[in-house]
Amino acid sequence: VASVTVRSSGGSSTIIISPQSYTHFLFGQPGEFSDDPHELGQLKRQNGNYDLDSAFDQADRQKEMAAAIAAGANVIWCLSEAKRINFFGFRKTHLGYVAPKVAKFVDHSDLMVKKGRRMGVVDPDSPFARYFDVVSNTGGWTLCLSDPADGYASIAETPEGYSLGGKLSLGTTSGWLIAPPTSPAAINQLVRDSIALEKADSKKDKYHGIFLSHTGVDKPFVRRLRDDLLAHGVQRVWLDEAEIEIGDSLIAKIEEGIKVSRYIAVVLSQKSIGAPWVKKELDVAMNREIASGEVVVLPLLYEQCELPEFLKGKLYADFSKEEEYEDVLGKLLRRLRIV
């Protein structure tokens with residue numbers, strides 16, 4: 001994939017950009033000098049017209065990209081190494097993104113060259129879940145972000161927790177940033193998944209609710225967390241005192257809350273790990289996670305305590321340090337796909 005634009009039957013465009021070399025984004029495909037450290041010089045010597053400044057009108061391409069995004073196009077940028085070439089001044093292949101905010105984002109997100117096939121967490125609701133499955137089973141992945149900057153919600157990770165793709169929202173520049181395909185099968189799946197994208201309606205964001213499982217002594221923290229989640233755009237945060245009214249069946253209402261919530265967040269403290277209600281809710285959530293194969297349980301550590309055995313293998317959100325509350329809240333929001 002170099003640069004592909006397709007138009008769906010509904011009229012919206014899908015653009016895939018993968019500037020793996022200068023030849024890729026100049027001519028739409030790799031060439032004999034794609035892997036040459038002096039690629040631009042080689043191109044110029046082959047044909048005097050293969051000059052970056054005349055063959056690639058950066059300002060004009062950026063305007064075209066901005067106009068396409070404003071018109072509702074879905075844009076998928078593939079991660080690429082920022083190959084720097086000293087050719088009448090330093091040039092970087094990230095020019096091929098034709099979106100300065102995206103290039104800057106990648107530059108500030110600690111791009112890593114790291115090969116592997118195994119996947120860590122992959123959001124099953126992501127439109128690219130099938131793509132990452134194909135990547136894992138064919139050519140594997142080669143690039144990832146170790147510390148994504150703000151404005152990004154990760155949808156797939158390596159086993160170590162590095163991001164392999166996510167949704168970008170950088171002011172008026174929005175789209176998807178995805179690890180590049182490394183096999184023909186992955187290329188085909190990326191194109192299929194990209195064409196199937198529907199422009200997200202902010203009022204219909206893919207969010208299915210979060211259930212806050214906790215014990216009464218931790219209520220002050222849970223109330224604060226609920227208020228902050230709602231304030232940041234999470235549309236459905238299930239908390240018993242806000243949902244259960246006088247005369248309601250406690251068991252029936254809690255079962256209903258668990259059933260309609262996509263995630264069950266378990267607030268872990270010295271008191272909660274032994275609380276009967278929390279144990280019951282956690283058992284139900286873990287059974288659903290095992291049966292579905294999807295992430296359901298989100299451990300939230302409020303107080304240092306001995307974690308249940310079946311949660312020790314999960315990465316938890318550590319809210320035990322007050323000074324780190326905002327940072328950890330941001331990570332939880334990214335898990336909920338709230339940018």
# chains A, B, ... in the order shown; residues from 1 in each chain; ligands from 1
>>> residues_around(residues="segment 232-249 of chain A", least_positions_apart="3", cutoff="7 Å", atoms="only C-alpha atoms", output="PyMOL selection string")
chain A and resi 209-212+226+228-229+252-253+257+338
>>> select_by_dssp(residues="segment 240-334 of chain A", states="strand (DSSP E or B)", output="list in words")
Tyr263, Ile264, Ala265, Val266, Val267, Leu268, Val297, Leu298, Pro299, Leu300, Leu301, Ala317 and Asp318 of chain A
>>> write_last_selection(atoms="C-alpha atoms", output="tab-separated table (two decimals), in the first residue's frame")
chain	number	residue	atom	x	y	z
A	263	TYR	CA	-16.91	-3.36	30.77
A	264	ILE	CA	-16.96	-4.27	34.47
A	265	ALA	CA	-14.48	-2.10	36.36
A	266	VAL	CA	-13.55	-3.65	39.71
A	267	VAL	CA	-12.33	-1.18	42.32
A	268	LEU	CA	-9.72	-3.11	44.30
A	297	VAL	CA	-12.91	-6.94	33.46
A	298	LEU	CA	-10.95	-3.73	34.06
A	299	PRO	CA	-9.06	-3.85	37.41
A	300	LEU	CA	-8.80	-0.45	39.12
A	301	LEU	CA	-6.37	-0.49	42.04
A	317	ALA	CA	-5.13	1.04	36.40
A	318	ASP	CA	-3.25	2.16	39.50
>>> closest_atom_pairs(of="segment 250-305 of chain A", to="segment 102-126 of chain A", cutoff="10 Å", atoms="only C-alpha atoms", output="CSV")
residue,atom,partner,partner_atom,distance
A:Gly293,CA,A:Pro124,CA,9.2
A:Glu294,CA,A:Pro124,CA,6.6
A:Val295,CA,A:Asp123,CA,7.9
>>> write_last_selection(atoms="C-alpha atoms", output="mmCIF file, in the first residue's frame")
data_model
loop_
_atom_site.group_PDB
_atom_site.id
_atom_site.type_symbol
_atom_site.label_atom_id
_atom_site.label_comp_id
_atom_site.auth_asym_id
_atom_site.auth_seq_id
_atom_site.Cartn_x
_atom_site.Cartn_y
_atom_site.Cartn_z
ATOM 1 C CA GLY A 293 -12.818 -14.182 24.563
ATOM 2 C CA GLU A 294 -13.126 -10.384 24.859
ATOM 3 C CA VAL A 295 -11.791 -8.036 27.520
#
>>> atom_distance(atom1="atom CA of Leu190 of chain A", atom2="atom CA of Phe128 of chain A")
7.4 Å
>>> select_by_dssp(residues="segment 190-285 of chain A", states="helix (DSSP H, G or I)", output="NGL selection string")
:A and (190-195 or 202-204 or 216-231 or 240-243 or 250-260 or 272-274 or 276-285)
>>> closest_residue(among="A:Ala68, A:Leu79, A:Ala231, A:Leu282", to="Thr182 of chain A", atoms="only C-alpha atoms")
A:Leu79
>>> atom_distance(atom1="atom CA of Lys331 of chain A", atom2="atom CA of Lys280 of chain A")
26.4 Å
>>> residues_around(residues="Ala70 of chain A", least_positions_apart="2", cutoff="12 Å", atoms="only C-alpha atoms", output="ChimeraX atom specification")
/A:12-13,63-68,72-75,171-175,199
>>> closest_residue(among="A:Ile16, A:Leu311, A:Val260, A:Ala99", to="Asn188 of chain A", atoms="only C-alpha atoms")
A:Ile16
>>> atom_distance(atom1="atom CA of Ala285 of chain A", atom2="atom CA of Val328 of chain A")
22.2 Å
>>> closest_residue(among="A:Gln270, A:Ile290, A:Gln189, A:Thr23", to="Gln42 of chain A", atoms="only C-alpha atoms")
A:Thr23
>>> residues_around(residues="Ser80 of chain A", least_positions_apart="3", cutoff="10 Å", atoms="only C-alpha atoms", output="number ranges by chain")
A: 17-21, 77, 83, 93-94, 96-97, 103, 106, 111-113, 142-144, 178-180
